[in-house]
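Source file: run-v3.cif. Holds: mmCIF, C-alpha atoms and all ligand atoms.
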```cif
data_final
loop_
_atom_site.group_PDB
_atom_site.id
_atom_site.type_symbol
_atom_site.label_atom_id
_atom_site.label_comp_id
_atom_site.auth_asym_id
_atom_site.auth_seq_id
_atom_site.Cartn_x
_atom_site.Cartn_y
_atom_site.Cartn_z
ATOM 1 C CA MET A 1 23.392 33.183 -13.056
ATOM 2 C CA LYS A 2 19.721 32.428 -12.561
ATOM 3 C CA ARG A 3 17.466 35.412 -12.968
ATOM 4 C CA LYS A 4 14.249 35.922 -11.146
ATOM 5 C CA THR A 5 11.273 36.613 -13.375
ATOM 6 C CA THR A 6 7.683 37.431 -12.596
ATOM 7 C CA ILE A 7 5.211 34.583 -12.456
ATOM 8 C CA PRO A 8 2.663 35.009 -15.244
ATOM 9 C CA GLN A 9 -0.907 35.255 -13.950
ATOM 10 C CA LYS A 10 0.503 35.325 -10.466
ATOM 11 C CA ASN A 11 -2.801 35.755 -8.626
ATOM 12 C CA LYS A 12 -4.393 32.845 -10.435
ATOM 13 C CA VAL A 13 -1.386 30.632 -9.807
ATOM 14 C CA ARG A 14 -1.262 31.682 -6.181
ATOM 15 C CA SER A 15 -4.908 30.834 -5.557
ATOM 16 C CA GLN A 16 -4.401 27.474 -7.282
ATOM 17 C CA LEU A 17 -1.419 26.756 -5.053
ATOM 18 C CA GLN A 18 -3.305 27.890 -1.982
ATOM 19 C CA LYS A 19 -6.067 25.453 -2.836
ATOM 20 C CA GLU A 20 -3.457 22.714 -3.245
ATOM 21 C CA ILE A 21 -2.235 23.175 0.335
ATOM 22 C CA ALA A 22 -5.755 23.821 1.658
ATOM 23 C CA SER A 23 -4.485 27.117 3.114
ATOM 24 C CA VAL A 24 -2.262 25.262 5.579
ATOM 25 C CA CYS A 25 1.548 25.217 5.429
ATOM 26 C CA PRO A 26 2.386 21.737 4.074
ATOM 27 C CA PHE A 27 5.380 21.392 6.400
ATOM 28 C CA CYS A 28 4.316 22.738 9.800
ATOM 29 C CA ASP A 29 0.535 22.517 9.322
ATOM 30 C CA SER A 30 0.140 26.119 10.397
ATOM 31 C CA GLY A 31 -2.958 27.835 9.086
ATOM 32 C CA ASP A 32 -2.144 31.047 10.903
ATOM 33 C CA VAL A 33 0.045 32.450 8.167
ATOM 34 C CA GLY A 34 -0.130 36.118 7.224
ATOM 35 C CA HIS A 35 1.430 35.667 3.828
ATOM 36 C CA PHE A 36 2.245 32.347 2.186
ATOM 37 C CA GLU A 37 5.419 32.409 0.111
ATOM 38 C CA ILE A 38 6.003 30.721 -3.224
ATOM 39 C CA HIS A 39 8.924 28.308 -3.247
ATOM 40 C CA HIS A 40 10.606 27.243 -6.498
ATOM 41 C CA ILE A 41 11.352 23.577 -5.901
ATOM 42 C CA ASP A 42 14.274 23.403 -8.324
ATOM 43 C CA GLU A 43 15.650 26.659 -6.910
ATOM 44 C CA ASN A 44 15.410 28.282 -10.304
ATOM 45 C CA PRO A 45 13.397 31.459 -9.689
ATOM 46 C CA SER A 46 12.289 31.712 -13.300
ATOM 47 C CA ASN A 47 10.894 28.176 -13.672
ATOM 48 C CA HIS A 48 7.227 28.880 -13.054
ATOM 49 C CA VAL A 49 5.629 25.604 -14.131
ATOM 50 C CA CYS A 50 3.086 24.580 -11.533
ATOM 51 C CA GLU A 51 4.953 21.344 -10.766
ATOM 52 C CA ASN A 52 7.854 23.493 -9.622
ATOM 53 C CA LEU A 53 5.914 25.756 -7.254
ATOM 54 C CA LEU A 54 4.887 25.184 -3.678
ATOM 55 C CA LEU A 55 3.174 27.550 -1.295
ATOM 56 C CA LEU A 56 4.394 27.557 2.308
ATOM 57 C CA CYS A 57 4.904 29.701 5.399
ATOM 58 C CA PRO A 58 7.951 32.029 5.580
ATOM 59 C CA THR A 59 9.499 30.001 8.449
ATOM 60 C CA CYS A 60 9.445 26.710 6.537
ATOM 61 C CA HIS A 61 10.535 28.521 3.378
ATOM 62 C CA SER A 62 13.701 29.698 5.086
ATOM 63 C CA LYS A 63 14.270 26.204 6.494
ATOM 64 C CA ILE A 64 14.343 24.920 2.920
ATOM 65 C CA THR A 65 16.655 27.724 1.832
ATOM 66 C CA LYS A 66 19.028 26.842 4.678
ATOM 67 C CA GLY A 67 18.854 23.153 3.885
ATOM 68 C CA ASP A 68 17.118 22.202 7.146
ATOM 69 C CA ILE A 69 14.372 20.657 5.053
ATOM 70 C CA PRO A 70 16.023 18.543 2.340
ATOM 71 C CA GLN A 71 14.986 19.095 -1.258
ATOM 72 C CA GLN A 72 13.826 15.519 -1.623
ATOM 73 C CA GLN A 73 11.346 16.021 1.182
ATOM 74 C CA VAL A 74 10.015 19.026 -0.688
ATOM 75 C CA ILE A 75 9.624 16.995 -3.883
ATOM 76 C CA ASP A 76 7.835 14.179 -2.032
ATOM 77 C CA LYS A 77 5.590 16.718 -0.344
ATOM 78 C CA LYS A 78 4.571 18.184 -3.670
ATOM 79 C CA ILE A 79 3.753 14.722 -5.033
ATOM 80 C CA ASN A 80 1.640 13.886 -2.009
ATOM 81 C CA LEU A 81 -0.212 17.175 -2.263
ATOM 82 C CA LYS A 82 -1.080 16.342 -5.841
ATOM 83 C CA ASN A 83 -2.285 12.943 -4.642
ATOM 84 C CA ARG A 84 -4.239 14.385 -1.753
ATOM 85 C CA GLY A 85 -7.778 13.240 -1.366
ATOM 86 C CA SER A 86 -7.029 9.745 -2.550
ATOM 87 C CA LYS A 87 -5.948 8.630 0.931
ATOM 88 C CA ILE A 88 -3.206 6.548 -0.586
ATOM 89 C CA GLN A 89 0.080 8.238 0.003
ATOM 90 C CA PHE A 90 3.435 7.628 -1.544
ATOM 91 C CA ILE A 91 6.258 6.576 0.810
ATOM 92 C CA SER A 92 9.339 5.601 -1.184
ATOM 93 C CA ILE A 93 10.951 4.088 -4.239
ATOM 94 C CA SER A 94 13.977 1.821 -4.099
ATOM 95 C CA ILE A 95 15.778 -0.487 -6.455
ATOM 96 C CA ASP A 96 16.196 -4.247 -5.922
ATOM 97 C CA LYS A 97 19.953 -4.559 -6.332
ATOM 98 C CA ASP A 98 19.839 -8.348 -6.077
ATOM 99 C CA LYS A 99 17.437 -8.687 -8.969
ATOM 100 C CA CYS A 100 18.881 -6.159 -11.380
ATOM 101 C CA GLY A 101 22.066 -4.359 -12.259
ATOM 102 C CA TRP A 102 20.945 -0.928 -11.113
ATOM 103 C CA VAL A 103 22.101 0.947 -8.016
ATOM 104 C CA PRO A 104 21.073 4.284 -6.502
ATOM 105 C CA ILE A 105 23.013 7.401 -7.509
ATOM 106 C CA GLU A 106 24.477 8.862 -4.345
ATOM 107 C CA ASP A 107 22.897 11.996 -2.874
ATOM 108 C CA SER A 108 20.068 11.842 -5.359
ATOM 109 C CA LYS A 109 16.910 10.004 -4.474
ATOM 110 C CA ASN A 110 14.944 8.134 -7.114
ATOM 111 C CA SER A 111 17.909 8.224 -9.490
ATOM 112 C CA PHE A 112 19.658 5.039 -10.505
ATOM 113 C CA LYS A 113 22.607 4.016 -12.625
ATOM 114 C CA ILE A 114 23.678 0.741 -14.156
ATOM 115 C CA ASN A 115 26.482 -0.806 -12.182
ATOM 116 C CA ALA A 116 26.690 -4.544 -12.576
ATOM 117 C CA TYR A 117 26.451 -7.179 -15.259
ATOM 118 C CA LYS A 118 23.102 -8.339 -14.098
ATOM 119 C CA SER A 119 19.739 -7.681 -15.652
ATOM 120 C CA PHE A 120 19.513 -4.270 -17.292
ATOM 121 C CA PHE A 121 15.790 -4.308 -16.725
ATOM 122 C CA PRO A 122 15.281 -2.265 -13.568
ATOM 123 C CA VAL A 123 13.293 -3.752 -10.673
ATOM 124 C CA PHE A 124 11.757 -1.051 -8.511
ATOM 125 C CA ASN A 125 10.120 -1.351 -5.114
ATOM 126 C CA PHE A 126 7.280 1.068 -4.577
ATOM 127 C CA SER A 127 5.906 1.725 -1.094
ATOM 128 C CA PHE A 128 2.609 3.360 -0.346
ATOM 129 C CA ILE A 129 0.241 3.537 2.572
ATOM 130 C CA ASN A 130 -3.467 2.922 2.373
ATOM 131 C CA GLN A 131 -5.228 5.353 4.658
ATOM 132 C CA TRP A 132 -8.699 4.330 3.616
ATOM 133 C CA GLU A 133 -10.796 2.425 6.097
ATOM 134 C CA ARG A 134 -11.341 -0.180 3.440
ATOM 135 C CA THR A 135 -9.345 -2.548 1.326
ATOM 136 C CA VAL A 136 -8.219 -1.275 -2.063
ATOM 137 C CA LEU A 137 -6.927 -3.127 -5.086
ATOM 138 C CA LEU A 138 -3.935 -2.141 -7.132
ATOM 139 C CA THR A 139 -5.388 -2.769 -10.550
ATOM 140 C CA ASN A 140 -3.242 -1.062 -13.136
ATOM 141 C CA VAL A 141 0.043 0.600 -13.800
ATOM 142 C CA LYS A 142 0.739 3.433 -16.165
ATOM 143 C CA VAL A 143 4.263 4.402 -17.073
ATOM 144 C CA LYS A 144 5.595 7.016 -19.412
ATOM 145 C CA ALA A 145 9.202 7.186 -20.539
ATOM 146 C CA LYS A 146 11.173 10.159 -21.715
ATOM 147 C CA ARG A 147 14.632 9.746 -23.055
ATOM 148 C CA LEU A 148 16.902 12.466 -21.737
ATOM 149 C CA PRO A 149 19.646 14.051 -23.763
ATOM 150 C CA ILE A 150 22.927 12.371 -23.016
ATOM 151 C CA GLY A 151 25.121 15.451 -23.146
ATOM 152 C CA LEU A 152 28.843 15.600 -22.656
ATOM 153 C CA ALA A 153 28.889 13.877 -19.292
ATOM 154 C CA GLY A 154 26.733 11.104 -20.679
ATOM 155 C CA ALA A 155 26.312 7.654 -19.272
ATOM 156 C CA ALA A 156 29.315 5.389 -19.422
ATOM 157 C CA ARG A 157 29.424 2.905 -22.270
ATOM 158 C CA TYR A 158 29.616 -0.794 -21.680
ATOM 159 C CA ASP A 159 30.361 -3.758 -23.820
ATOM 160 C CA MET A 160 27.419 -5.896 -23.062
ATOM 161 C CA PRO A 161 27.669 -9.607 -22.558
ATOM 162 C CA ARG A 162 24.695 -11.833 -23.401
ATOM 163 C CA LEU A 163 22.470 -11.968 -20.405
ATOM 164 C CA ASN A 164 20.501 -14.610 -18.676
ATOM 165 C CA ILE A 165 17.687 -12.734 -17.078
ATOM 166 C CA LEU A 166 16.039 -14.238 -14.065
ATOM 167 C CA ARG A 167 12.668 -12.757 -13.366
ATOM 168 C CA PRO A 168 11.044 -13.083 -9.952
ATOM 169 C CA SER A 169 7.510 -14.417 -10.188
ATOM 170 C CA ILE A 170 5.982 -11.967 -7.728
ATOM 171 C CA THR A 171 7.120 -8.939 -9.620
ATOM 172 C CA TYR A 172 4.816 -7.132 -11.997
ATOM 173 C CA LYS A 173 6.405 -7.006 -15.384
ATOM 174 C CA ILE A 174 5.551 -3.870 -17.248
ATOM 175 C CA LYS A 175 6.615 -3.192 -20.781
ATOM 176 C CA MET A 176 9.130 -0.406 -21.098
ATOM 177 C CA PRO A 177 7.437 2.345 -23.107
ATOM 178 C CA LEU A 178 9.311 3.884 -25.991
ATOM 179 C CA ASP A 179 10.449 7.459 -25.774
ATOM 180 C CA GLY A 180 7.454 9.727 -25.301
ATOM 181 C CA GLU A 181 5.005 6.848 -25.108
ATOM 182 C CA THR A 182 2.875 5.557 -22.267
ATOM 183 C CA THR A 183 2.260 1.947 -21.287
ATOM 184 C CA ILE A 184 -0.951 1.178 -19.417
ATOM 185 C CA GLU A 185 -1.098 -2.310 -18.050
ATOM 186 C CA ASN A 186 -4.024 -3.970 -16.307
ATOM 187 C CA LEU A 187 -2.667 -6.345 -13.701
ATOM 188 C CA ASN A 188 -3.708 -9.962 -13.947
ATOM 189 C CA GLU A 189 -2.948 -10.469 -10.302
ATOM 190 C CA GLU A 190 -4.390 -7.521 -8.477
ATOM 191 C CA LEU A 191 -2.764 -6.546 -5.233
ATOM 192 C CA GLU A 192 -5.127 -6.424 -2.289
ATOM 193 C CA VAL A 193 -4.250 -3.738 0.220
ATOM 194 C CA PRO A 194 -5.971 -3.839 3.611
ATOM 195 C CA ALA A 195 -7.149 -0.632 5.289
ATOM 196 C CA GLY A 196 -4.572 1.372 7.210
ATOM 197 C CA ARG A 197 -1.616 -0.609 5.932
ATOM 198 C CA ALA A 198 1.627 0.279 4.232
ATOM 199 C CA PHE A 199 2.335 -1.872 1.226
ATOM 200 C CA LYS A 200 5.113 -2.562 -1.193
ATOM 201 C CA PHE A 201 5.253 -4.115 -4.626
ATOM 202 C CA GLN A 202 7.821 -4.598 -7.330
ATOM 203 C CA ILE A 203 7.783 -3.467 -10.900
ATOM 204 C CA GLU A 204 10.208 -4.767 -13.437
ATOM 205 C CA LEU A 205 10.403 -2.763 -16.620
ATOM 206 C CA PHE A 206 11.237 -5.003 -19.510
ATOM 207 C CA ASP A 207 11.272 -5.163 -23.254
ATOM 208 C CA LYS A 208 11.596 -8.076 -25.614
ATOM 209 C CA PHE A 209 14.220 -6.206 -27.535
ATOM 210 C CA MET A 210 17.025 -4.865 -25.447
ATOM 211 C CA GLU A 211 18.164 -2.669 -28.337
ATOM 212 C CA ARG A 212 15.067 -0.549 -28.150
ATOM 213 C CA PHE A 213 15.428 0.064 -24.456
ATOM 214 C CA SER A 214 19.229 0.068 -24.266
ATOM 215 C CA PRO A 215 19.382 1.563 -20.781
ATOM 216 C CA PRO A 216 23.175 1.511 -20.383
ATOM 217 C CA HIS A 217 23.468 3.916 -23.269
ATOM 218 C CA ASN A 218 20.602 6.172 -22.450
ATOM 219 C CA LYS A 219 19.200 8.375 -19.769
ATOM 220 C CA TYR A 220 15.539 8.100 -18.985
ATOM 221 C CA ALA A 221 12.929 9.849 -16.939
ATOM 222 C CA LEU A 222 10.143 7.493 -15.890
ATOM 223 C CA PHE A 223 6.729 8.685 -14.785
ATOM 224 C CA PHE A 224 4.734 6.030 -12.926
ATOM 225 C CA GLU A 225 1.083 6.177 -12.008
ATOM 226 C CA PHE A 226 -0.677 3.428 -10.123
ATOM 227 C CA GLY A 227 -4.339 2.702 -10.573
ATOM 228 C CA PHE A 228 -6.521 1.509 -7.711
ATOM 229 C CA ASN A 229 -9.932 -0.135 -7.995
ATOM 230 C CA ASN A 230 -9.818 0.666 -11.731
ATOM 231 C CA ASP A 231 -10.811 4.070 -10.562
ATOM 232 C CA PHE A 232 -8.095 6.479 -9.545
ATOM 233 C CA PHE A 233 -4.432 6.900 -10.302
ATOM 234 C CA LEU A 234 -1.639 7.938 -7.984
ATOM 235 C CA LYS A 235 1.537 9.523 -9.204
ATOM 236 C CA ALA A 236 4.944 8.450 -7.977
ATOM 237 C CA PRO A 237 7.894 10.834 -8.040
ATOM 238 C CA VAL A 238 9.835 10.827 -11.279
ATOM 239 C CA ILE A 239 12.507 8.137 -11.536
ATOM 240 C CA LEU A 240 15.726 8.838 -13.379
ATOM 241 C CA LEU A 241 17.945 6.256 -15.024
ATOM 242 C CA ASN A 242 21.581 7.218 -15.552
ATOM 243 C CA SER A 243 20.933 10.794 -14.572
ATOM 244 C CA SER A 244 20.450 12.773 -11.410
ATOM 245 C CA GLU A 245 19.710 16.111 -12.996
ATOM 246 C CA TYR A 246 15.991 15.916 -13.300
ATOM 247 C CA TYR A 247 15.011 19.497 -12.858
ATOM 248 C CA GLU A 248 17.592 20.818 -15.213
ATOM 249 C CA LYS A 249 16.394 18.511 -17.965
ATOM 250 C CA LEU A 250 12.800 19.105 -17.077
ATOM 251 C CA LYS A 251 13.239 22.786 -17.534
ATOM 252 C CA LEU A 252 15.167 22.501 -20.768
ATOM 253 C CA TYR A 253 12.907 20.020 -22.458
ATOM 254 C CA GLY A 254 9.557 20.688 -20.886
ATOM 255 C CA LEU A 255 9.148 17.072 -19.806
ATOM 256 C CA SER A 256 6.667 17.776 -17.076
HETATM 257 ZN ZN ZN A 301 5.448 26.150 7.786
#
```
Once you've parsed the file, please lay out its structure as structure tokens.
Ligand SMILES: [Zn+2]
Amino acid sequence: MKRKTTIPQKNKVRSQLQKEIASVCPFCDSGDVGHFEIHHIDENPSNHVCENLLLLCPTCHSKITKGDIPQQQVIDKKINLKNRGSKIQFISISIDKDKCGWVPIEDSKNSFKINAYKSFFPVFNFSFINQWERTVLLTNVKVKAKRLPIGLAGAARYDMPRLNILRPSITYKIKMPLDGETTIENLNEELEVPAGRAFKFQIELFDKFMERFSPPHNKYALFFEFGFNNDFFLKAPVILLNSSEYYEKLKLYGLS
């Protein structure tokens, strides 16, 4: 049973959240709202971390409660609000199933599990749109890894064969950070993104030593940020490997 608790410093939090949405409901764009409501994204009414809170109009709030607005859309909305002002907006993350052994976990976006005896190094496709009226350059990638507790229903164990890993040449290879660490990589080949265009690029996370990474035996939360013009970073939604229970873990271990 999840108990509702009071948000500490509620007025301060509320004004911060109101600033985040620029006093306009992030779903229906209505500014004519008598009283904005606070939505708990993970549906746990006592998880008051700012990442978990979103201000919206009562109508859209009830649409979320009824499931008319899917939770993933809410999560993506929150990410894009945090990225607002940069004019580069996140669209989607997918996995390249031909190039690696990972597949999506059903009914859970941005969560992937190992499924085939192919490369264990995940190859992600990231899509963004450049809403600037000028070209921007993707110049660096920052990624942080958090190992999640495996728990009773942990990831399945595999006997691993030796692997021949084929790496596509157009994919950015980024070193898999160790648990709790962050990798920041300046790209040798910067990606040029014309004004007003959607764009997509691949990231392969790799490590020289498979044992350190050992994805089939571990669950990970991955936090990507993409740097443009060596100037500003954009956050992507959290990616989960071998887990689909992000918010639960986030709450328990304070990963955000
Ligand atoms: Zn609304």
Q: Select the residues contacting ligand ZN 301 (chain A) at a distance of at most 12 Å, based on all atoms listed in the file, then format the selection as a PyMOL selection string.
A: chain A and resi 21+23-39+54-64+69+74
Produce a file of the selected residues containing C-alpha atoms, as an mmCIF file, in the coordinates of the input.
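As a result, selection37.cif now contains:
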```
data_model
loop_
_atom_site.group_PDB
_atom_site.id
_atom_site.type_symbol
_atom_site.label_atom_id
_atom_site.label_comp_id
_atom_site.auth_asym_id
_atom_site.auth_seq_id
_atom_site.Cartn_x
_atom_site.Cartn_y
_atom_site.Cartn_z
ATOM 1 C CA ILE A 21 -2.235 23.175 0.335
ATOM 2 C CA SER A 23 -4.485 27.117 3.114
ATOM 3 C CA VAL A 24 -2.262 25.262 5.579
ATOM 4 C CA CYS A 25 1.548 25.217 5.429
ATOM 5 C CA PRO A 26 2.386 21.737 4.074
ATOM 6 C CA PHE A 27 5.380 21.392 6.400
ATOM 7 C CA CYS A 28 4.316 22.738 9.800
ATOM 8 C CA ASP A 29 0.535 22.517 9.322
ATOM 9 C CA SER A 30 0.140 26.119 10.397
ATOM 10 C CA GLY A 31 -2.958 27.835 9.086
ATOM 11 C CA ASP A 32 -2.144 31.047 10.903
ATOM 12 C CA VAL A 33 0.045 32.450 8.167
ATOM 13 C CA GLY A 34 -0.130 36.118 7.224
ATOM 14 C CA HIS A 35 1.430 35.667 3.828
ATOM 15 C CA PHE A 36 2.245 32.347 2.186
ATOM 16 C CA GLU A 37 5.419 32.409 0.111
ATOM 17 C CA ILE A 38 6.003 30.721 -3.224
ATOM 18 C CA HIS A 39 8.924 28.308 -3.247
ATOM 19 C CA LEU A 54 4.887 25.184 -3.678
ATOM 20 C CA LEU A 55 3.174 27.550 -1.295
ATOM 21 C CA LEU A 56 4.394 27.557 2.308
ATOM 22 C CA CYS A 57 4.904 29.701 5.399
ATOM 23 C CA PRO A 58 7.951 32.029 5.580
ATOM 24 C CA THR A 59 9.499 30.001 8.449
ATOM 25 C CA CYS A 60 9.445 26.710 6.537
ATOM 26 C CA HIS A 61 10.535 28.521 3.378
ATOM 27 C CA SER A 62 13.701 29.698 5.086
ATOM 28 C CA LYS A 63 14.270 26.204 6.494
ATOM 29 C CA ILE A 64 14.343 24.920 2.920
ATOM 30 C CA ILE A 69 14.372 20.657 5.053
ATOM 31 C CA VAL A 74 10.015 19.026 -0.688
#
```
Q: Go through A:Phe124, A:Pro177, A:Ile184, A:Ile114 and flag the residue nearest His217 (chain A), using all atoms listed in the file for the distances.
A: A:Ile114
Q) Once the PyMOL selection byres (((chain A and resi 97) around 10) and not hetatm) has been applied to the shown file, what residues remain in the selection, as a list in words? A)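 Matching residues under the PyMOL selection byres (((chain A and resi 97) around 10) and not hetatm) are Ser94, Ile95, Asp96, Asp98, Lys99, Cys100, Gly101, Trp102, Val103, Pro104, Asn115, Ala116, Lys118, Ser119, Pro122, Val123 and Phe124 of chain A.
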Q. Where does the PyMOL selection byres (((chain A and resi 105) around 10) and not hetatm) land in this file, that is, which residues does it pick, as a ChimeraX atom specification?
A. /A:102-104,106-114,240-244
Q.
Set the distance at 10 Å and use only C-alpha atoms: which residues neighbour Phe228 (chain A) once local chain neighbours fewer than 2 positions away are removed? I'd like the list as a list of chain:residue names.
A.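 Final neighbour list, sorted by chain and number: A:Ser86, A:Ile88, A:Val136, A:Leu137, A:Leu138, A:Thr139, A:Asn140, A:Val141, A:Glu190, A:Leu191, A:Glu192, A:Val193, A:Glu225, A:Phe226, A:Asn230, A:Asp231, A:Phe232, A:Phe233, A:Leu234.
Across the model, the gap from CA of Ala221 (chain A) to CA of Phe206 (chain A) is 15.2 Å.
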(Q) Please report the interatomic distance between CA of Ile93 (chain A) and CA of Ala198 (chain A) in Å with one decimal. (A)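 A separation of 13.2 Å between them.
Checking A:Lys175, A:His40, A:Lys219, A:Arg14 one by one against Leu205 (chain A), counting all atoms listed in the file, you find the shortest gap at A:Lys175.
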Q: Measure the distance from CA of Phe201 (chain A) to CA of Lys173 (chain A) in Å and round it to one decimal.
A: 11.2 Å
Q: Name all residues at most 9 Å from Thr6 (chain A) (count all atoms listed in the file; drop same-chain ones fewer than 2 positions away) and give them as a PyMOL selection string.
A: chain A and resi 4+8-10+45-46+48
**Q.** Shortest interatomic distance to Arg134 (chain A) - which of A:Lys208, A:Pro194, A:Asp68, A:Gln89, counting only C-alpha atoms
**A.**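 Comparing A:Lys208, A:Pro194, A:Asp68, A:Gln89 against Arg134 (chain A), the winner is A:Pro194.
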Q: Point out the residue among A:Leu187, A:Leu148, A:Ala236, A:Ile203 with the least atom-to-atom distance to Lys82 (chain A), counting all atoms listed in the file.
A: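 Ranking A:Leu187, A:Leu148, A:Ala236, A:Ile203 by distance to Lys82 (chain A), first place goes to A:Ala236.
Minimum atom-to-atom distances from A:Ser92, A:Arg197, A:Asn218, A:Arg147 to Trp132 (chain A) were compared using all atoms listed in the file, and the lowest value belongs to A:Arg197.
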Q.
Here is a test: counting only C-alpha atoms, which residue of A:Ile41, A:Cys50, A:Tyr220, A:Phe128 is nearest to Ser15 (chain A)?
A.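 Of the candidates, the smallest distance to Ser15 (chain A) is held by A:Cys50.
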(Q) Would you pick out the contacts of Met176 (chain A) at 8 Å or less, using only C-alpha atoms, so that residues sharing its chain but fewer than 3 positions from it are not included, and give the list as JSON, numbers by chain? (A) {"A": [143, 145, 183, 205, 206, 207, 213]}
Would you save region 14-28 of chain A to a file, keeping N, CA and C atoms, as a PDB file, in the first residue's frame?
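In the end it all went to part12.pdb:
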```pdb
ATOM      1  N   ARG A  14       6.427  23.760  -5.962  1.00  0.00           N
ATOM      2  CA  ARG A  14       5.373  24.100  -6.905  1.00  0.00           C
ATOM      3  C   ARG A  14       5.780  25.246  -7.840  1.00  0.00           C
ATOM      4  N   SER A  15       6.443  26.254  -7.281  1.00  0.00           N
ATOM      5  CA  SER A  15       6.816  27.385  -8.142  1.00  0.00           C
ATOM      6  C   SER A  15       7.934  26.983  -9.106  1.00  0.00           C
ATOM      7  N   GLN A  16       8.785  26.050  -8.639  1.00  0.00           N
ATOM      8  CA  GLN A  16       9.833  25.513  -9.528  1.00  0.00           C
ATOM      9  C   GLN A  16       9.198  24.738 -10.695  1.00  0.00           C
ATOM     10  N   LEU A  17       8.201  23.928 -10.348  1.00  0.00           N
ATOM     11  CA  LEU A  17       7.533  23.128 -11.372  1.00  0.00           C
ATOM     12  C   LEU A  17       6.729  24.006 -12.328  1.00  0.00           C
ATOM     13  N   GLN A  18       6.169  25.074 -11.780  1.00  0.00           N
ATOM     14  CA  GLN A  18       5.394  25.982 -12.618  1.00  0.00           C
ATOM     15  C   GLN A  18       6.302  26.705 -13.624  1.00  0.00           C
ATOM     16  N   LYS A  19       7.505  27.007 -13.151  1.00  0.00           N
ATOM     17  CA  LYS A  19       8.491  27.617 -14.045  1.00  0.00           C
ATOM     18  C   LYS A  19       8.869  26.632 -15.157  1.00  0.00           C
ATOM     19  N   GLU A  20       9.018  25.360 -14.752  1.00  0.00           N
ATOM     20  CA  GLU A  20       9.404  24.320 -15.712  1.00  0.00           C
ATOM     21  C   GLU A  20       8.407  24.228 -16.872  1.00  0.00           C
ATOM     22  N   ILE A  21       7.118  24.353 -16.567  1.00  0.00           N
ATOM     23  CA  ILE A  21       6.117  24.243 -17.637  1.00  0.00           C
ATOM     24  C   ILE A  21       5.741  25.605 -18.207  1.00  0.00           C
ATOM     25  N   ALA A  22       6.401  26.649 -17.753  1.00  0.00           N
ATOM     26  CA  ALA A  22       6.133  28.017 -18.197  1.00  0.00           C
ATOM     27  C   ALA A  22       4.649  28.372 -18.026  1.00  0.00           C
ATOM     28  N   SER A  23       4.071  27.889 -16.935  1.00  0.00           N
ATOM     29  CA  SER A  23       2.670  28.161 -16.592  1.00  0.00           C
ATOM     30  C   SER A  23       1.672  27.744 -17.670  1.00  0.00           C
ATOM     31  N   VAL A  24       2.043  26.732 -18.436  1.00  0.00           N
ATOM     32  CA  VAL A  24       1.161  26.211 -19.487  1.00  0.00           C
ATOM     33  C   VAL A  24       1.125  24.692 -19.329  1.00  0.00           C
ATOM     34  N   CYS A  25      -0.074  24.095 -19.367  1.00  0.00           N
ATOM     35  CA  CYS A  25      -0.156  22.643 -19.226  1.00  0.00           C
ATOM     36  C   CYS A  25       0.688  21.965 -20.314  1.00  0.00           C
ATOM     37  N   PRO A  26       1.629  21.101 -19.928  1.00  0.00           N
ATOM     38  CA  PRO A  26       2.542  20.527 -20.927  1.00  0.00           C
ATOM     39  C   PRO A  26       1.857  19.576 -21.914  1.00  0.00           C
ATOM     40  N   PHE A  27       0.621  19.192 -21.632  1.00  0.00           N
ATOM     41  CA  PHE A  27      -0.052  18.262 -22.550  1.00  0.00           C
ATOM     42  C   PHE A  27      -1.039  18.954 -23.485  1.00  0.00           C
ATOM     43  N   CYS A  28      -1.849  19.876 -22.944  1.00  0.00           N
ATOM     44  CA  CYS A  28      -2.862  20.503 -23.808  1.00  0.00           C
ATOM     45  C   CYS A  28      -2.537  21.964 -24.113  1.00  0.00           C
TER      46      CYS A  28
END
```
